Every structure is written in structure tokens, then in C-alpha cells.
Amino acid sequence: MFDILNGVWERYEQLGKLLSDPIVIADRENYQKYAKEHSEKTPIVEKYLEWKSLRTRYLEAKEILSDSSADKDLTELARLDLEEAASAISEAEERLKVLLIAKDPYDDKNIYLEIRAGTGGDEASLFAADLYRMYTRYAELEGWKTELVGCNETGVGGYREAILLVKGNRAYSRLKYEAGGHRVQRIPETEASGRIHTSACTVAVMPEADEVDVHIEPKDIRVDVYRSGGAGGQHINTTDSAVRITHIPTNIVVTCQDERSQIKNKERAMKLLLAKILEDKIARQNSERADSRKLQVGSGDRSERIRTYNFPQNRLTDHRINLTVYNLDRVMEGELGEILSEIMAFDQAEKLKEAGLS
């Protein structure tokens with residue numbers, strides 16, 4: 001680890017010189033690139049310098065303790081200093097390990113969260129609506145903003161599909177772990193015999209993308225416009241304001257009909273298309289790395305069953321980390337923080353093993 005840290009420190013020093021070079025300053029693109037790299041390395045270097053200072057303090061205290069002629073009071077102070085420095089060194093080393101893990105470049109992004117009802121008919125659509133509410137409440141607790149981008153409602157008050165835009169500090173870094181299959185076990189209100197039904201939804205988490213993250217050639221998309229309408233043909237517009245965009249190379253299709261303006265619908269659809277293409281790119285990258293990790297937490301694989309919600313037992317189980325809690329009622333009210341923290345800690349530990357830093 002310390003060979004890696006020395007390399008980071010040397011590069012940091014080199015970047016500092018480059019950023020003060022008039023030639024680099026005059027080249028805006030290169031200057032921004034070097035400034036970003038310098039900024040990313042700063043927390044690692046600061047913690048490494050702190051570790052070196054603690055190490056010096058530890059060795060000085062150890063030297064005093066090894067001196068048989070040292071004053072008794074000085075020896076006692078040195079013993080206390082040695083204990084404090086040893087504890088601080090251990091903490092600094094753990095923090096350095098975490099800092100050395102490659103950062104997910106999309107962690108700071110806002111997200112599109114797409115919830116789709118799966119097997120289970122009306123009950124699955126009602127569960128999709130419950131998940132939508134859960135994530136909306138969690139975002140409120142985090143102080144984030146949410147916006148319903150599009151939905152396909154059912155006659156029973158559920159969603160066949162709902163797409164939520166979540167804007168907030170590092171939203172992707174926490175909610176990316178929600179991607180996958182969510183299974184629910186409960187007694188539907190319409191079930192007279194009290195029999196437990198099992199249904200499912202899938203959740204996709206897509207970082208909000210821009211043209212820097214994803215470049216789309218105009219020739220690679222097909223835009224269709226059509227007349228929008230609500231459930232059961234209600235609220236039908238008299239103009240072709242709804243928009244469907246197809247990305248031909250990937251065959252990804254997005255639609256938007258919630259705005260009255262065709263221009264606004266197209267703008268929203270393009271943003272969602274960029275996010276879906278980026279999600280596809282991330283999924284392919286994760287797939288390429290899958291062999292090197294036994295568990296792809298936050299892999300974004302929609303087919304992976306990640307969690308079971310058992311309402312009769314007020315129990316939630318996350319299958320990826322074998323975590324079971326008995327506060328499902330509170331989780332459904334948005335109290336996801338504890339579960340997400342456990343998953344993030346597990347994922348971090350896996351990455352440390354993968355990097356040979358555990």
C-alpha cells in the first residue's frame with residue numbers, strides 16, 4: 001500500500017508544478033484536467049502526510065521508552081503518546097485504504113429511478129407504487145428533490161411503470177445499490193382466504209448523463225411523435241405532443257407524454273435516453289468484471305433478486321449480504337439509511353479485498 005501512496009504523493013507534487021506552469025495555465029483544457037486530478041488526489045495526500053507525522057511521533061515515543069536513563073515523568077508521557085499515536089495510525093491506515101479504492105465516476109450524479117411491475121398482476125403494480133413512495137420518502141429524509149418523469153398507472157392505483165428523477169448530493173452513490181429484483185410477500189386486500197401472494201418489481205438506477213458522458217450521433221436516433229392519452233384513453237390530446245425516441249445501435253426506446261408541449265417531451269425523452277445508454281454502458285463494464293468478484297453489489301443487473309419484503313412478518317431480507325431486519329413498516333416509510341449503509345460497507349470491504357488492501 002505504501003508503495004502506491006508514495007507514487008500518489010510524487011504525482012501530486014508533479015501536478016502542483018504543472019498547475020503553476022504558465023504554459024499549462026494558458027491551455028484551459030489541460031489545466032482543468034490537471035486541476036481535477038490534483039483535487040482528487042488531495043484527500044489521499046493529506047491523510048498520507050498525517051500518517052507520516054503520526055508515524056514519526058510513534059517512533060520518537062518508542063525511542064524514549066527504550067532509553068533506560070530517561071526521566072520517569074517523560075517515560076510516562078511517552079507511553080501515553082505511543083498508545084495514542086498507535087491508535088491514530090491504525091485509523092489513518094484504514095482511511096487510506098478506503099481512499100485508494102477507485103472512485104465510481106458517477107457517484108456525484110443525480111439519478112433516474114425506474115420501477116417496473118413484474119409478475120403478480122395488480123398486486124405487483126401496487127407494490128411498484130409502494131416502492132415509488134418509499135424512495136420518495138427516503139429522498140425527502142435526505143433533503144433531496146424528486147420529480148415524477150413519467151408513469152403508466154393501473155386502474156387499481158398502482159404503477160405498471162414509474163420513472164422518478166432524484167436530485168441530491170451523491171444520490172447515485174447511495175441508491176445505485178437498489179437496482180435489481182424486489183420481491184414482496186403479503187396478503188392482498190382482495191384475498192378473502194388470507195393466502196399470502198408473492199409478486200415482484202424490478203428497479204433500475206440510472207445516473208443522469210450529459211453529452212460528455214454519452215455522445216449520440218443524430219443519425220443514430222429515430223424520433224416518432226404521436227397523440228398522447230391517459231389510462232383507458234382518457235385526457236387524449238388533440239395534438240401529436242407525445243414523443244418516442246429509439247436509439248438504433250442499442251435498440252433502447254424511451255417515451256414521454258407527460259408534458260403538453262412536444263418540445264418539452266422531446267427534451268425530457270432525450271435526457272432519459274442518455275441515462276439509459278449510460279446505464280447500459282455501466283452494466284457491460286460490470287459484466288466484464290463479474291468473474292473477478294463473487295458478488296456484484298450495485299451491479300445494476302435487473303435480473304438479480306436482491307431483496308424480499310415479507311409484510312406478515314414485518315421482515316425485510318437483503319439477499320446479497322444476508323441482512324434481515326424486522327422493521328419493514330419503517331423501511332416502507334423511507335427509513336432506508338441503515339440498510340444502505342450496511343450494503344455500502346460490504347461493497348467497500350469487497351473492493352478492498354479485490355484491490356489487495358484488506
# chains A, B, ... in the order shown; residues from 1 in each chain; ligands from 1

call {"tool": "residues_around", "arguments": {"residues": "Val331 of chain A", "least_positions_apart": "2", "cutoff": "12 Å", "atoms": "only C-alpha atoms", "output": "JSON list (two decimals) with N, CA and C atoms, in the first residue's frame"}}
result
[["chain", "number", "residue", "atom", "x", "y", "z"],
["A", 130, "ASP", "N", -45.87, 1.29, -3.98],
["A", 130, "ASP", "CA", -45.29, 1.33, -2.62],
["A", 130, "ASP", "C", -43.80, 1.65, -2.67],
["A", 131, "LEU", "N", -43.10, 1.04, -3.63],
["A", 131, "LEU", "CA", -41.66, 1.31, -3.77],
["A", 131, "LEU", "C", -41.43, 2.76, -4.18],
["A", 133, "ARG", "N", -43.27, 5.29, -3.45],
["A", 133, "ARG", "CA", -43.47, 6.11, -2.25],
["A", 133, "ARG", "C", -42.28, 5.98, -1.29],
["A", 134, "MET", "N", -41.75, 4.76, -1.14],
["A", 134, "MET", "CA", -40.61, 4.53, -0.25],
["A", 134, "MET", "C", -39.41, 5.36, -0.67],
["A", 135, "TYR", "N", -39.10, 5.34, -1.97],
["A", 135, "TYR", "CA", -37.95, 6.09, -2.45],
["A", 135, "TYR", "C", -38.18, 7.60, -2.36],
["A", 136, "THR", "N", -39.42, 8.02, -2.60],
["A", 136, "THR", "CA", -39.74, 9.45, -2.49],
["A", 136, "THR", "C", -39.56, 9.92, -1.05],
["A", 137, "ARG", "N", -40.03, 9.11, -0.09],
["A", 137, "ARG", "CA", -39.88, 9.46, 1.33],
["A", 137, "ARG", "C", -38.41, 9.45, 1.74],
["A", 138, "TYR", "N", -37.64, 8.47, 1.25],
["A", 138, "TYR", "CA", -36.22, 8.43, 1.57],
["A", 138, "TYR", "C", -35.53, 9.71, 1.06],
["A", 141, "LEU", "N", -36.22, 12.54, 3.35],
["A", 141, "LEU", "CA", -35.41, 12.45, 4.58],
["A", 141, "LEU", "C", -33.97, 12.90, 4.34],
["A", 309, "TYR", "N", -39.49, -8.52, 0.65],
["A", 309, "TYR", "CA", -40.27, -7.74, 1.61],
["A", 309, "TYR", "C", -41.42, -8.64, 2.09],
["A", 310, "ASN", "N", -41.34, -9.12, 3.33],
["A", 310, "ASN", "CA", -42.37, -10.00, 3.88],
["A", 310, "ASN", "C", -43.22, -9.21, 4.86],
["A", 311, "PHE", "N", -44.42, -8.82, 4.40],
["A", 311, "PHE", "CA", -45.28, -7.96, 5.21],
["A", 311, "PHE", "C", -45.88, -8.66, 6.43],
["A", 314, "ASN", "N", -43.32, -8.52, 8.97],
["A", 314, "ASN", "CA", -42.66, -7.21, 9.09],
["A", 314, "ASN", "C", -41.14, -7.36, 8.88],
["A", 315, "ARG", "N", -40.80, -8.24, 7.92],
["A", 315, "ARG", "CA", -39.40, -8.61, 7.72],
["A", 315, "ARG", "C", -38.91, -8.21, 6.33],
["A", 316, "LEU", "N", -37.70, -7.69, 6.30],
["A", 316, "LEU", "CA", -37.03, -7.39, 5.03],
["A", 316, "LEU", "C", -35.69, -8.12, 5.01],
["A", 317, "THR", "N", -35.42, -8.82, 3.89],
["A", 317, "THR", "CA", -34.15, -9.54, 3.75],
["A", 317, "THR", "C", -33.44, -9.08, 2.50],
["A", 325, "VAL", "N", -33.88, -7.61, 8.65],
["A", 325, "VAL", "CA", -34.33, -6.68, 9.67],
["A", 325, "VAL", "C", -35.83, -6.86, 9.86],
["A", 326, "TYR", "N", -36.32, -6.48, 11.02],
["A", 326, "TYR", "CA", -37.75, -6.65, 11.33],
["A", 326, "TYR", "C", -38.40, -5.29, 11.58],
["A", 327, "ASN", "N", -38.13, -4.37, 10.69],
["A", 327, "ASN", "CA", -38.74, -3.05, 10.76],
["A", 327, "ASN", "C", -39.22, -2.61, 9.38],
["A", 328, "LEU", "N", -39.83, -3.55, 8.66],
["A", 328, "LEU", "CA", -40.28, -3.29, 7.29],
["A", 328, "LEU", "C", -41.23, -2.10, 7.23],
["A", 329, "ASP", "N", -42.08, -1.95, 8.25],
["A", 329, "ASP", "CA", -43.02, -0.83, 8.25],
["A", 329, "ASP", "C", -42.29, 0.51, 8.18],
["A", 333, "GLU", "N", -41.58, 3.49, 4.98],
["A", 333, "GLU", "CA", -41.78, 4.93, 5.19],
["A", 333, "GLU", "C", -40.54, 5.73, 4.82],
["A", 334, "GLY", "N", -39.57, 5.05, 4.19],
["A", 334, "GLY", "CA", -38.39, 5.75, 3.70],
["A", 334, "GLY", "C", -37.14, 5.60, 4.54],
["A", 335, "GLU", "N", -37.21, 4.84, 5.64],
["A", 335, "GLU", "CA", -36.05, 4.70, 6.51],
["A", 335, "GLU", "C", -35.11, 3.62, 5.97],
["A", 336, "LEU", "N", -34.47, 3.95, 4.85],
["A", 336, "LEU", "CA", -33.57, 3.02, 4.16],
["A", 336, "LEU", "C", -32.12, 3.19, 4.54],
["A", 337, "GLY", "N", -31.81, 4.27, 5.25],
["A", 337, "GLY", "CA", -30.42, 4.64, 5.51],
["A", 337, "GLY", "C", -29.56, 3.56, 6.11],
["A", 338, "GLU", "N", -30.09, 2.88, 7.15],
["A", 338, "GLU", "CA", -29.31, 1.84, 7.84],
["A", 338, "GLU", "C", -28.98, 0.68, 6.90],
["A", 339, "ILE", "N", -29.96, 0.26, 6.11],
["A", 339, "ILE", "CA", -29.74, -0.85, 5.17],
["A", 339, "ILE", "C", -28.72, -0.47, 4.11],
["A", 340, "LEU", "N", -28.86, 0.73, 3.55],
["A", 340, "LEU", "CA", -27.92, 1.18, 2.51],
["A", 340, "LEU", "C", -26.50, 1.30, 3.06]]

call {"tool": "residues_around", "arguments": {"residues": "Ala162 of chain A", "least_positions_apart": "2", "cutoff": "7 Å", "atoms": "only C-alpha atoms", "output": "PDB file with C-alpha atoms, in the first residue's frame"}}
result
ATOM      1  CA  GLU A 114     -37.233   3.322 -12.913  1.00  0.00           C
ATOM      2  CA  ILE A 115     -39.677   0.979 -11.167  1.00  0.00           C
ATOM      3  CA  ARG A 116     -41.479  -1.685 -13.228  1.00  0.00           C
ATOM      4  CA  GLY A 150     -43.326   9.523 -16.370  1.00  0.00           C
ATOM      5  CA  CYS A 151     -45.669   6.762 -15.277  1.00  0.00           C
ATOM      6  CA  ASN A 152     -48.110   4.175 -16.535  1.00  0.00           C
ATOM      7  CA  TYR A 159     -47.996   1.578 -11.483  1.00  0.00           C
ATOM      8  CA  LEU A 164     -38.512   9.179 -10.777  1.00  0.00           C
TER       9      LEU A 164
END

call {"tool": "residues_around", "arguments": {"residues": "Ile221 of chain A", "least_positions_apart": "3", "cutoff": "6 Å", "atoms": "only C-alpha atoms", "output": "list of chain:residue names"}}
result
A:Pro218, A:Thr246, A:His247, A:Ile248

call {"tool": "select_by_dssp", "arguments": {"residues": "segment 160-340 of chain A", "states": "helix (DSSP H, G or I)", "output": "PyMOL selection string"}}
result
chain A and resi 171-178+218-220+231-233+262-292+328-331+337-340

call {"tool": "residues_around", "arguments": {"residues": "Asp318 of chain A", "least_positions_apart": "3", "cutoff": "10 Å", "atoms": "only C-alpha atoms", "output": "list in words"}}
result
His182, Arg305, Ile306, Arg307, Thr308, Tyr309, Ile321, Asn322, Leu323, Thr324, Val325, Ile339 and Ile343 of chain A

call {"tool": "closest_residue", "arguments": {"among": "A:Leu278, A:Leu74, A:Leu165, A:Val243", "to": "His215 of chain A", "atoms": "only C-alpha atoms"}}
result
A:Leu278
